[in-house]
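Next comes structure-v9.tsv, with TSV, C-alpha atoms.
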chain	number	residue	atom	x	y	z
A	1	MET	CA	66.09	64.73	93.00
A	2	ASN	CA	64.21	67.26	90.85
A	3	LYS	CA	65.92	69.17	88.11
A	4	ILE	CA	65.62	72.95	88.31
A	5	ILE	CA	65.82	75.17	85.22
A	6	ILE	CA	66.91	78.72	85.84
A	7	PRO	CA	65.59	81.33	83.37
A	8	LEU	CA	67.97	83.15	81.12
A	9	ALA	CA	67.11	86.58	82.58
A	10	LEU	CA	68.19	85.46	86.02
A	11	CYS	CA	71.55	84.26	84.65
A	12	LEU	CA	72.18	87.56	82.90
A	13	SER	CA	71.28	89.56	85.99
A	14	LEU	CA	73.64	87.56	88.20
A	15	ALA	CA	76.46	87.86	85.68
A	16	ALA	CA	76.08	91.64	85.56
A	17	CYS	CA	76.14	91.99	89.37
A	18	SER	CA	79.18	89.79	89.83
A	19	GLY	CA	81.30	91.47	87.21
A	20	GLU	CA	81.81	88.10	85.42
A	21	PRO	CA	81.50	87.87	81.63
A	22	GLU	CA	77.91	87.42	80.57
A	23	ALA	CA	76.65	84.18	79.07
A	24	THR	CA	75.10	84.32	75.60
A	25	PRO	CA	71.34	84.98	75.36
A	26	GLU	CA	70.61	81.40	74.23
A	27	ALA	CA	72.37	79.79	77.20
A	28	SER	CA	70.44	78.31	80.14
A	29	VAL	CA	71.59	76.62	83.33
A	30	LYS	CA	70.45	73.59	85.29
A	31	VAL	CA	71.32	72.85	88.91
A	32	VAL	CA	71.11	69.19	89.87
A	33	GLY	CA	72.33	68.35	93.37
A	34	GLU	CA	75.96	69.47	93.47
A	35	GLN	CA	76.16	69.93	89.70
A	36	VAL	CA	75.77	72.96	87.48
A	37	MET	CA	75.03	72.15	83.83
A	38	LEU	CA	75.09	74.57	80.93
A	39	THR	CA	72.76	73.41	78.16
A	40	GLU	CA	75.04	75.17	75.68
A	41	PRO	CA	78.61	74.44	76.82
A	42	ASP	CA	80.17	76.40	73.97
A	43	LYS	CA	78.77	79.59	75.55
A	44	ALA	CA	80.81	79.08	78.78
A	45	ASP	CA	83.98	80.75	77.56
A	46	PHE	CA	83.87	83.08	80.60
A	47	LEU	CA	85.04	80.15	82.76
A	48	LYS	CA	88.79	79.59	83.04
A	49	LEU	CA	90.18	76.19	84.08
A	50	ALA	CA	93.39	74.87	85.64
A	51	THR	CA	94.70	71.33	86.15
A	52	VAL	CA	95.20	69.68	89.52
A	53	ASP	CA	98.84	68.56	89.66
A	54	ARG	CA	101.51	67.58	92.13
A	55	ASP	CA	103.45	70.13	94.13
A	56	GLN	CA	106.50	71.30	92.22
A	57	GLY	CA	108.22	73.13	95.06
A	58	GLY	CA	108.59	76.86	94.83
A	59	MET	CA	110.13	79.99	96.24
A	60	LEU	CA	109.23	81.58	99.57
A	61	ARG	CA	109.36	85.37	99.27
A	62	LEU	CA	109.72	87.47	102.41
A	63	PRO	CA	110.05	91.25	102.76
A	64	GLY	CA	113.39	92.31	104.17
A	65	ARG	CA	115.72	95.19	104.96
A	66	LEU	CA	119.51	95.38	104.84
A	67	VAL	CA	121.22	96.78	107.94
A	68	TRP	CA	124.79	97.06	109.20
A	69	ASN	CA	126.45	93.91	110.44
A	70	GLU	CA	126.50	94.61	114.18
A	71	GLU	CA	129.44	92.25	114.66
A	72	LYS	CA	131.48	94.59	112.44
A	73	THR	CA	129.98	97.90	113.52
A	74	VAL	CA	130.88	100.29	116.33
A	75	ARG	CA	129.01	103.35	117.57
A	76	VAL	CA	131.51	105.76	119.02
A	77	PHE	CA	130.66	107.75	122.15
A	78	PRO	CA	133.26	109.79	124.13
A	79	GLN	CA	133.74	108.48	127.63
A	80	LEU	CA	134.22	112.03	128.90
A	81	GLY	CA	132.36	115.28	128.38
A	82	GLY	CA	133.82	118.22	126.50
A	83	ARG	CA	133.61	120.66	123.59
A	84	VAL	CA	134.50	119.58	120.04
A	85	GLN	CA	137.62	121.37	118.83
A	86	SER	CA	138.13	119.65	115.48
A	87	ILE	CA	136.85	116.77	113.37
A	88	ALA	CA	139.31	114.52	111.57
A	89	VAL	CA	137.01	112.37	109.38
A	90	ASP	CA	133.79	112.62	107.40
A	91	VAL	CA	131.13	110.21	106.15
A	92	GLY	CA	132.55	107.85	103.55
A	93	ASN	CA	136.14	107.96	104.80
A	94	VAL	CA	137.97	104.65	105.13
A	95	ILE	CA	139.77	104.53	108.48
A	96	LYS	CA	142.09	102.24	110.43
A	97	THR	CA	141.88	100.93	113.97
A	98	GLY	CA	142.96	103.65	116.41
A	99	GLN	CA	142.66	106.47	113.88
A	100	ALA	CA	141.59	109.84	115.29
A	101	LEU	CA	137.98	110.82	114.67
A	102	ALA	CA	137.72	114.11	116.57
A	103	VAL	CA	139.48	116.17	119.23
A	104	LEU	CA	137.58	117.41	122.29
A	105	SER	CA	138.58	120.03	124.80
A	106	SER	CA	137.68	118.20	127.99
A	107	PRO	CA	138.10	119.36	131.62
A	108	ASP	CA	137.17	115.85	132.62
A	109	TYR	CA	140.09	114.55	130.59
A	110	GLY	CA	142.43	117.01	132.24
A	111	GLN	CA	141.20	115.88	135.63
A	112	ALA	CA	141.78	112.28	134.63
A	113	GLN	CA	145.34	113.08	133.48
A	114	ALA	CA	146.12	114.90	136.74
A	115	ASP	CA	144.71	112.08	138.81
A	116	ALA	CA	146.82	109.59	136.86
A	117	HIS	CA	149.97	111.70	137.35
A	118	LYS	CA	149.28	112.09	141.06
A	119	ALA	CA	148.78	108.36	141.38
A	120	GLN	CA	152.14	107.75	139.68
A	121	VAL	CA	153.87	110.19	142.05
A	122	ASP	CA	152.27	108.61	145.08
A	123	ALA	CA	153.38	105.19	143.91
A	124	GLN	CA	156.93	106.43	143.35
A	125	LEU	CA	157.08	108.06	146.78
A	126	ALA	CA	155.71	104.98	148.43
A	127	THR	CA	158.50	102.92	146.86
A	128	GLN	CA	161.10	105.42	147.99
A	129	ALA	CA	159.68	105.47	151.51
A	130	LEU	CA	159.84	101.70	151.65
A	131	THR	CA	163.49	101.72	150.55
A	132	ARG	CA	164.34	104.53	152.98
A	133	ASN	CA	162.71	102.84	155.92
A	134	ARG	CA	164.61	99.65	155.14
A	135	GLU	CA	167.93	101.49	155.11
A	136	LEU	CA	167.11	103.53	158.24
A	137	ARG	CA	166.11	100.40	160.04
A	138	GLN	CA	169.44	98.80	159.23
A	139	ALA	CA	171.42	101.95	160.23
A	140	GLY	CA	169.28	102.90	163.19
A	141	VAL	CA	168.86	106.51	161.90
A	142	VAL	CA	165.50	108.18	161.24
A	143	ALA	CA	166.50	111.83	160.57
A	144	GLU	CA	166.21	111.48	156.78
A	145	LYS	CA	162.45	111.22	157.22
A	146	ASP	CA	161.88	114.93	157.46
A	147	TRP	CA	163.63	115.62	154.18
A	148	GLN	CA	161.70	112.88	152.38
A	149	GLN	CA	158.45	114.28	153.69
A	150	ALA	CA	159.26	117.69	152.30
A	151	GLU	CA	160.12	116.12	148.96
A	152	ALA	CA	156.75	114.35	148.88
A	153	GLU	CA	154.89	117.55	149.59
A	154	ALA	CA	156.68	119.26	146.72
A	155	SER	CA	155.75	116.48	144.30
A	156	ARG	CA	152.09	116.62	145.34
A	157	ALA	CA	152.12	120.37	144.76
A	158	GLN	CA	153.50	119.84	141.25
A	159	ALA	CA	150.76	117.33	140.45
A	160	GLU	CA	148.08	119.71	141.67
A	161	ALA	CA	149.55	122.45	139.50
A	162	ALA	CA	149.41	120.16	136.46
A	163	ARG	CA	145.79	119.32	137.19
A	164	ALA	CA	144.84	122.96	137.44
A	165	GLY	CA	146.59	123.77	134.16
A	166	ARG	CA	144.76	121.05	132.28
A	167	ARG	CA	141.45	122.18	133.72
A	168	LEU	CA	142.18	125.65	132.41
A	169	ALA	CA	142.92	124.16	129.00
A	170	GLY	CA	139.54	122.42	128.98
A	171	LEU	CA	137.83	125.70	129.83
A	172	GLY	CA	139.70	127.64	127.17
A	173	GLY	CA	142.79	128.61	129.19
A	174	ASP	CA	146.38	127.61	128.82
A	175	GLY	CA	147.58	124.05	129.00
A	176	ASN	CA	146.87	120.78	127.23
A	177	GLY	CA	143.44	119.30	127.94
A	178	ALA	CA	142.77	117.82	124.48
A	179	TYR	CA	140.98	114.49	124.37
A	180	THR	CA	141.35	112.57	121.09
A	181	LEU	CA	138.42	110.35	120.16
A	182	ARG	CA	139.67	107.28	118.26
A	183	SER	CA	138.00	104.47	116.35
A	184	PRO	CA	138.26	101.01	117.93
A	185	LEU	CA	137.50	99.39	114.56
A	186	ALA	CA	138.76	99.61	111.00
A	187	GLY	CA	136.08	100.30	108.40
A	188	VAL	CA	134.08	103.11	106.82
A	189	VAL	CA	132.53	106.10	108.56
A	190	VAL	CA	128.83	105.77	107.70
A	191	GLU	CA	127.38	108.28	110.13
A	192	ARG	CA	128.54	111.52	111.75
A	193	ASN	CA	126.49	113.38	114.35
A	194	VAL	CA	128.95	116.03	115.51
A	195	ASN	CA	129.97	119.56	114.49
A	196	PRO	CA	132.82	121.83	115.64
A	197	GLY	CA	132.00	123.64	118.88
A	198	MET	CA	129.36	121.13	119.95
A	199	GLU	CA	129.22	120.53	123.70
A	200	PHE	CA	128.98	116.88	124.68
A	201	ARG	CA	127.83	115.43	128.00
A	202	PRO	CA	127.82	111.63	128.51
A	203	GLU	CA	124.69	111.74	130.66
A	204	GLN	CA	122.80	113.50	127.84
A	205	ALA	CA	124.01	111.31	124.97
A	206	THR	CA	121.37	110.17	122.47
A	207	ALA	CA	123.00	109.49	119.09
A	208	PRO	CA	126.61	108.32	118.71
A	209	LEU	CA	129.10	110.89	117.47
A	210	PHE	CA	130.31	108.47	114.79
A	211	VAL	CA	129.23	105.10	113.38
A	212	VAL	CA	131.99	103.00	111.82
A	213	THR	CA	131.29	99.72	110.04
A	214	ASP	CA	132.73	97.23	107.60
A	215	PRO	CA	130.18	97.31	104.71
A	216	SER	CA	131.66	94.24	103.02
A	217	SER	CA	129.19	92.21	105.08
A	218	LEU	CA	125.56	93.19	105.77
A	219	TRP	CA	122.75	91.75	107.84
A	220	LEU	CA	119.36	91.01	106.34
A	221	GLN	CA	116.30	91.34	108.58
A	222	LEU	CA	113.28	89.34	107.40
A	223	ASP	CA	109.70	89.25	108.70
A	224	ALA	CA	108.32	85.72	108.43
A	225	SER	CA	104.91	84.32	109.31
A	226	GLU	CA	104.35	81.40	111.67
A	227	ALA	CA	103.49	79.20	108.69
A	228	ASP	CA	106.95	79.82	107.21
A	229	LEU	CA	108.82	78.74	110.33
A	230	GLY	CA	109.47	75.18	109.13
A	231	ASN	CA	111.40	76.50	106.11
A	232	LEU	CA	113.69	78.83	108.07
A	233	LYS	CA	116.68	77.32	109.84
A	234	PRO	CA	120.11	78.72	110.74
A	235	GLY	CA	122.66	77.76	108.11
A	236	GLU	CA	120.15	77.64	105.25
A	237	VAL	CA	121.19	79.48	102.08
A	238	PHE	CA	118.92	82.17	100.64
A	239	ALA	CA	119.00	84.80	97.91
A	240	ILE	CA	117.85	88.40	97.81
A	241	GLU	CA	116.43	90.54	95.02
A	242	SER	CA	116.43	94.32	94.85
A	243	LYS	CA	114.59	96.73	92.57
A	244	GLN	CA	117.86	98.59	92.14
A	245	TYR	CA	119.40	95.53	90.43
A	246	PRO	CA	116.65	93.86	88.36
A	247	GLY	CA	117.39	90.32	87.30
A	248	GLU	CA	120.26	89.89	89.79
A	249	ARG	CA	120.33	87.79	92.94
A	250	PHE	CA	122.72	87.99	95.88
A	251	LYS	CA	123.45	84.98	98.08
A	252	GLY	CA	123.31	84.88	101.86
A	253	VAL	CA	123.01	82.57	104.87
A	254	ILE	CA	120.44	82.53	107.67
A	255	ARG	CA	122.20	83.17	110.99
A	256	HIS	CA	119.39	83.43	113.53
A	257	VAL	CA	115.65	82.79	113.87
A	258	ALA	CA	113.89	84.55	116.75
A	259	ASP	CA	112.52	82.42	119.58
A	260	PHE	CA	109.26	84.35	119.84
A	261	VAL	CA	106.47	85.78	117.70
A	262	ASP	CA	106.06	89.55	117.72
A	263	PRO	CA	102.76	90.11	119.59
A	264	VAL	CA	101.86	93.15	117.47
A	265	SER	CA	102.75	92.15	113.91
A	266	ARG	CA	102.49	88.37	114.53
A	267	THR	CA	105.72	87.88	112.61
A	268	ILE	CA	108.98	86.14	113.43
A	269	LYS	CA	112.24	88.04	113.02
A	270	VAL	CA	114.86	86.25	110.93
A	271	ARG	CA	118.42	87.51	110.53
A	272	GLY	CA	120.70	86.58	107.66
A	273	GLU	CA	124.16	87.63	106.52
A	274	VAL	CA	124.96	88.76	102.98
A	275	ALA	CA	128.45	89.16	101.48
A	276	ASN	CA	128.95	92.61	99.96
A	277	ALA	CA	132.59	92.78	98.89
A	278	ASP	CA	131.86	95.12	95.97
A	279	ARG	CA	129.65	97.31	98.22
A	280	ARG	CA	126.81	97.44	95.69
A	281	LEU	CA	124.26	96.69	98.40
A	282	LYS	CA	123.55	99.52	100.82
A	283	GLY	CA	122.44	99.68	104.42
A	284	GLU	CA	118.70	100.33	104.95
A	285	MET	CA	117.92	99.06	101.43
A	286	PHE	CA	114.56	97.25	101.08
A	287	VAL	CA	114.85	93.84	99.42
A	288	GLN	CA	113.03	90.53	99.06
A	289	GLY	CA	114.43	87.39	100.63
A	290	LEU	CA	114.05	84.25	98.48
A	291	ILE	CA	114.14	80.79	100.04
A	292	GLU	CA	113.75	77.69	97.87
A	293	LEU	CA	111.00	75.34	99.00
A	294	PRO	CA	111.26	71.59	98.33
A	295	ALA	CA	108.49	69.76	96.48
A	296	LEU	CA	105.89	68.19	98.79
A	297	LEU	CA	104.19	64.83	98.24
A	298	VAL	CA	100.77	66.44	97.85
A	299	LEU	CA	98.46	67.68	95.11
A	300	ARG	CA	97.87	71.38	94.65
A	301	VAL	CA	95.35	73.75	93.07
A	302	PRO	CA	95.52	77.49	92.38
A	303	ALA	CA	94.29	79.52	95.34
A	304	ALA	CA	91.86	81.31	93.01
A	305	ALA	CA	89.97	78.03	92.50
A	306	VAL	CA	89.11	77.64	96.19
A	307	PHE	CA	86.13	79.41	97.77
A	308	LEU	CA	84.66	79.34	101.25
A	309	LEU	CA	81.15	78.28	102.28
A	310	GLY	CA	80.64	78.56	106.01
A	311	ASP	CA	83.78	77.06	107.49
A	312	ARG	CA	84.45	74.68	104.58
A	313	ARG	CA	86.35	75.11	101.34
A	314	TYR	CA	85.16	74.02	97.90
A	315	VAL	CA	86.14	74.01	94.25
A	316	PHE	CA	84.21	73.47	91.02
A	317	VAL	CA	85.44	70.44	89.09
A	318	GLU	CA	84.75	70.09	85.36
A	319	GLU	CA	83.10	66.70	84.74
A	320	GLY	CA	82.52	67.24	81.06
A	321	PRO	CA	81.70	69.98	78.56
A	322	GLY	CA	79.42	72.42	80.39
A	323	ARG	CA	79.15	70.25	83.54
A	324	TYR	CA	80.73	71.37	86.83
A	325	ARG	CA	80.58	69.68	90.23
A	326	ARG	CA	80.82	71.59	93.50
A	327	GLN	CA	83.43	69.57	95.39
A	328	LEU	CA	84.21	69.71	99.12
A	329	LEU	CA	87.95	70.08	99.62
A	330	GLU	CA	90.23	69.29	102.53
A	331	ALA	CA	92.99	71.81	101.98
A	332	GLY	CA	96.37	72.44	103.55
A	333	GLY	CA	98.62	75.47	103.58
A	334	GLU	CA	99.11	78.02	100.83
A	335	ARG	CA	102.35	79.10	99.21
A	336	GLU	CA	103.01	81.20	96.13
A	337	GLY	CA	99.36	81.21	95.09
A	338	TRP	CA	98.87	77.42	95.37
A	339	ILE	CA	96.92	75.49	98.02
A	340	ALA	CA	97.89	71.97	99.07
A	341	VAL	CA	95.14	69.36	98.62
A	342	GLN	CA	94.81	66.72	101.32
A	343	SER	CA	91.67	65.08	99.95
A	344	GLY	CA	88.77	65.70	97.58
A	345	LEU	CA	90.58	65.91	94.24
A	346	LYS	CA	92.55	63.69	91.88
A	347	GLU	CA	95.58	64.50	89.81
A	348	GLY	CA	94.67	65.68	86.32
A	349	GLU	CA	91.16	66.96	87.16
A	350	LYS	CA	90.18	70.38	85.88
A	351	VAL	CA	89.02	73.06	88.32
A	352	VAL	CA	87.47	76.47	87.68
A	353	VAL	CA	89.78	79.36	88.57
A	354	GLU	CA	87.76	82.20	87.02
A	355	GLY	CA	83.97	82.30	87.19
A	356	ASN	CA	83.55	79.92	90.16
A	357	LEU	CA	81.69	82.53	92.21
A	358	HIS	CA	79.38	83.09	89.23
A	359	LEU	CA	78.55	79.37	89.22
A	360	LEU	CA	78.02	79.45	92.98
A	361	LYS	CA	75.26	82.06	92.61
A	362	PHE	CA	73.14	79.56	90.70
A	363	PHE	CA	72.96	77.39	93.83
A	364	LYS	CA	71.81	80.35	95.90
A	365	GLN	CA	69.05	81.23	93.40
A	366	ALA	CA	67.86	77.66	92.84
A	367	PRO	CA	65.44	77.45	95.85
A	368	LYS	CA	63.69	80.67	94.79
A	369	VAL	CA	63.20	79.41	91.25
A	370	ALA	CA	61.83	76.10	92.52
A	371	GLN	CA	59.34	77.93	94.76
A	372	GLN	CA	58.14	80.12	91.91
A	373	ALA	CA	57.69	77.05	89.69
A	374	ALA	CA	55.60	75.33	92.40
A	375	GLN	CA	53.24	78.30	92.59
What would the structure in this file look like if it were written as structure tokens?
Amino acid sequence: MNKIIIPLALCLSLAACSGEPEATPEASVKVVGEQVMLTEPDKADFLKLATVDRDQGGMLRLPGRLVWNEEKTVRVFPQLGGRVQSIAVDVGNVIKTGQALAVLSSPDYGQAQADAHKAQVDAQLATQALTRNRELRQAGVVAEKDWQQAEAEASRAQAEAARAGRRLAGLGGDGNGAYTLRSPLAGVVVERNVNPGMEFRPEQATAPLFVVTDPSSLWLQLDASEADLGNLKPGEVFAIESKQYPGERFKGVIRHVADFVDPVSRTIKVRGEVANADRRLKGEMFVQGLIELPALLVLRVPAAAVFLLGDRRYVFVEEGPGRYRRQLLEAGGEREGWIAVQSGLKEGEKVVVEGNLHLLKFFKQAPKVAQQAAQ
């Protein structure tokens, strides 16, 4: 194989175009097969090297967002329509189970009360009629029936009057048609979407009137790639970091890993749970999820050392002062800026991590120089 000497001017021109540090004016370069040789190795200080070593494990970092723990959160909607008369709580209030949140003037509630009262009266009359009929059957007398029928009609009239009064109350008239909206959960009011006088209709509901949650426990939503799936399992412990608390980490546990990949973002949704007894973490806070990765039985090189030619990946290996070999690499996955090496390198070898693309340009220019020399 012939040795090709590349002129100094060509080297300087390529260095200027690539943005790499320029070689000294006295330096020259030889390309021999898969090797690049600098005749003056001490002028190659623009090349930075790293050592091939064994995987040391690492930390998987995933973007995440803190949200309310849905197992300890309730969104409160009235079951009946009405107009808000008063509001009993505000955002930030700590409340108990069953505590009143707001009072609504509700014709629907008045109707429901009247219907319930009428049903109670009907049940009572039915019991009385059953007792009466039993006694009349034993005595052989049926005359009491007419009086009982009149009594039933009077009770129905009273129930109808009560219903009408409550309907008036719901419409602003006299009577008691107040409907008290209560919290089914103890916690903190974190959202309020209601004001006095607001008219509410269940069929038009969009946002809940109140959101109550227990902020001592939060959910963490992570977006993971398909390559990270093997490191994410329910029950695994993780940590989170937040810009609001530099240098601090909060512990959590993975609770669920989605069974499908999002077709748009190509990510997998992962849900974790984080203890928040001191309530320093806040809902909708952006954080980073940290998951420790075990060491693998493979070699690794910095991702910056690997470059692509066609569909293959290569690195430049230092063979001696000023001598670098272009080496085909069978590479695995990447994590934290390191690429796993399946074959092509040995532990302890030095690879170029800065300036490798500058060396690669010498191979591209070599055929032109050889042609010019032949002419």
Review point. Between A:Leu49, A:Gln124, A:Thr131, A:Ala88, which is the closest to Glu151 in chain A once you count only C-alpha atoms?
Key: A:Gln124
At most 6 Å is the cut-off: for each residue in range 200-296 of chain A with any atom that close to an atom of range 62-71 of chain A, write down the nearest atom pair and the distance in Å rounded to one decimal, counting only C-alpha atoms, chain first then increasing number, as a tab-separated table.
residue	atom	partner	partner_atom	distance
A:Leu218	CA	A:Asn69	CA	4.8
A:Trp219	CA	A:Asn69	CA	5.0
A:Leu220	CA	A:Leu66	CA	4.6
A:Gln221	CA	A:Arg65	CA	5.3
A:Leu222	CA	A:Gly64	CA	4.4
A:Gly283	CA	A:Val67	CA	4.7
A:Glu284	CA	A:Leu66	CA	5.0
A:Met285	CA	A:Leu66	CA	5.3
A:Phe286	CA	A:Arg65	CA	4.5
A:Val287	CA	A:Gly64	CA	5.2
A:Gln288	CA	A:Pro63	CA	4.8
A:Gly289	CA	A:Leu62	CA	5.0
Exercise for review: Choose the residue, out of A:Ser242, A:Gln204, A:Asn195, A:Gln327, that has the smallest atom-to-atom separation from Gly33 in chain A; count only C-alpha atoms.
Suggested key: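 Smallest distance to Gly33 in chain A is found for A:Gln327.
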The centre and edge lengths of an axis-aligned box containing all atoms of range 250-268 of chain A present in the file, extended by 8 Å on each side, are to be given in Å to one decimal, as lines of an AutoDock Vina configuration file.
center_x = 112.7
center_y = 87.8
center_z = 107.9
size_x = 37.6
size_y = 26.7
size_z = 40.0
Check your understanding: Which residue out of A:Val32, A:Ile291, A:Val103, A:Met37 has the minimum interatomic distance to Gly320 in chain A when all atoms listed in the file are used?
Key ->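 Closest residue, counting all atoms listed in the file: A:Met37.
Reported to one decimal place, the separation of CA of Glu226 in chain A from CA of Thr267 in chain A is 6.7 Å.
Between CA of Val190 in chain A and CA of Thr213 in chain A the interatomic distance comes to 6.9 Å.
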**Study point:** Interatomic distance, CA of Ala239 in chain A to CA of Glu191 in chain A (Å, one decimal)
**Key:** 27.8 Å
Review point. Which neighbours of Thr97 in chain A fall inside 12 Å, counting only C-alpha atoms, when residues of the same chain fewer than 5 positions from it are skipped, and could you give them as a PyMOL selection string?
Key: chain A and resi 74+181-189+212-214
Practice item. Within 12 Å of Arg280 in chain A, counting only C-alpha atoms, which residues show up once you throw out same-chain ones fewer than 6 positions away? Write them as a list in words, please. Key: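 Within the cut-off, the hits are Leu66, Pro215, Ser216, Ser217, Leu218, Ser242, Gln244, Tyr245, Glu248, Arg249, Phe250 and Val274 of chain A.
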Exercise for review: Considering all atoms listed in the file, state which residue in the set A:Ile240, A:Glu292, A:Asp42, A:Gly110 is at the smallest distance from Gly272 in chain A.
Suggested key: A:Ile240
Check your understanding: Mind listing as a PyMOL selection string all residues within 9 Å of (131.3, 109.4, 113.4), counting only C-alpha atoms?
Key -> chain A and resi 75-77+89-91+101-102+183+189-194+208-212
Check your understanding: Which residue out of A:Glu40, A:Glu347, A:Asp278, A:Glu34 has the minimum interatomic distance to Gly322 in chain A when only C-alpha atoms are used?
Key ->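 Answer, going by the shortest atom-to-atom distance: A:Glu40.
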Using only C-alpha atoms, can you list as an mmCIF file with C-alpha atoms, keeping the file's coordinate frame the residues within 12 Å of (92.7, 75.0, 86.9)?
data_model
loop_
_atom_site.group_PDB
_atom_site.id
_atom_site.type_symbol
_atom_site.label_atom_id
_atom_site.label_comp_id
_atom_site.auth_asym_id
_atom_site.auth_seq_id
_atom_site.Cartn_x
_atom_site.Cartn_y
_atom_site.Cartn_z
ATOM 1 C CA LEU A 47 85.040 80.150 82.760
ATOM 2 C CA LYS A 48 88.790 79.590 83.040
ATOM 3 C CA LEU A 49 90.180 76.190 84.080
ATOM 4 C CA ALA A 50 93.390 74.870 85.640
ATOM 5 C CA THR A 51 94.700 71.330 86.150
ATOM 6 C CA VAL A 52 95.200 69.680 89.520
ATOM 7 C CA ASP A 53 98.840 68.560 89.660
ATOM 8 C CA ARG A 300 97.870 71.380 94.650
ATOM 9 C CA VAL A 301 95.350 73.750 93.070
ATOM 10 C CA PRO A 302 95.520 77.490 92.380
ATOM 11 C CA ALA A 303 94.290 79.520 95.340
ATOM 12 C CA ALA A 304 91.860 81.310 93.010
ATOM 13 C CA ALA A 305 89.970 78.030 92.500
ATOM 14 C CA VAL A 306 89.110 77.640 96.190
ATOM 15 C CA VAL A 315 86.140 74.010 94.250
ATOM 16 C CA PHE A 316 84.210 73.470 91.020
ATOM 17 C CA VAL A 317 85.440 70.440 89.090
ATOM 18 C CA GLU A 318 84.750 70.090 85.360
ATOM 19 C CA TRP A 338 98.870 77.420 95.370
ATOM 20 C CA ILE A 339 96.920 75.490 98.020
ATOM 21 C CA LEU A 345 90.580 65.910 94.240
ATOM 22 C CA GLU A 347 95.580 64.500 89.810
ATOM 23 C CA GLY A 348 94.670 65.680 86.320
ATOM 24 C CA GLU A 349 91.160 66.960 87.160
ATOM 25 C CA LYS A 350 90.180 70.380 85.880
ATOM 26 C CA VAL A 351 89.020 73.060 88.320
ATOM 27 C CA VAL A 352 87.470 76.470 87.680
ATOM 28 C CA VAL A 353 89.780 79.360 88.570
ATOM 29 C CA GLU A 354 87.760 82.200 87.020
ATOM 30 C CA GLY A 355 83.970 82.300 87.190
ATOM 31 C CA ASN A 356 83.550 79.920 90.160
#
Exercise for review: For Leu38 in chain A, work out the shell of residues within 8 Å, counting all atoms listed in the file and skipping chain neighbours fewer than 3 positions away, then give it as an NGL selection string.
Suggested key: :A and (27-30 or 41 or 44 or 322-323)
**Study point:** Best match for closeness to Val121 in chain A among A:Leu229, A:Leu309, A:Val270, A:Ala157, counting all atoms listed in the file
**Key:** A:Ala157
Could you pull range 202-216 of chain A out of the structure just shown and give C-alpha atoms as a PDB file, in the first residue's frame?
ATOM      1  CA  PRO A 202     -74.770  19.432  36.104  1.00  0.00           C
ATOM      2  CA  GLU A 203     -75.208  18.936  32.359  1.00  0.00           C
ATOM      3  CA  GLN A 204     -72.950  21.951  31.683  1.00  0.00           C
ATOM      4  CA  ALA A 205     -70.220  21.114  34.195  1.00  0.00           C
ATOM      5  CA  THR A 206     -66.623  21.486  32.987  1.00  0.00           C
ATOM      6  CA  ALA A 207     -64.330  22.181  35.953  1.00  0.00           C
ATOM      7  CA  PRO A 208     -65.026  20.894  39.477  1.00  0.00           C
ATOM      8  CA  LEU A 209     -66.225  23.449  42.003  1.00  0.00           C
ATOM      9  CA  PHE A 210     -63.537  22.324  44.460  1.00  0.00           C
ATOM     10  CA  VAL A 211     -60.481  20.055  44.405  1.00  0.00           C
ATOM     11  CA  VAL A 212     -59.475  18.554  47.753  1.00  0.00           C
ATOM     12  CA  THR A 213     -56.325  16.487  48.185  1.00  0.00           C
ATOM     13  CA  ASP A 214     -53.884  15.172  50.752  1.00  0.00           C
ATOM     14  CA  PRO A 215     -50.567  16.790  49.674  1.00  0.00           C
ATOM     15  CA  SER A 216     -48.489  14.623  52.017  1.00  0.00           C
TER      16      SER A 216
END
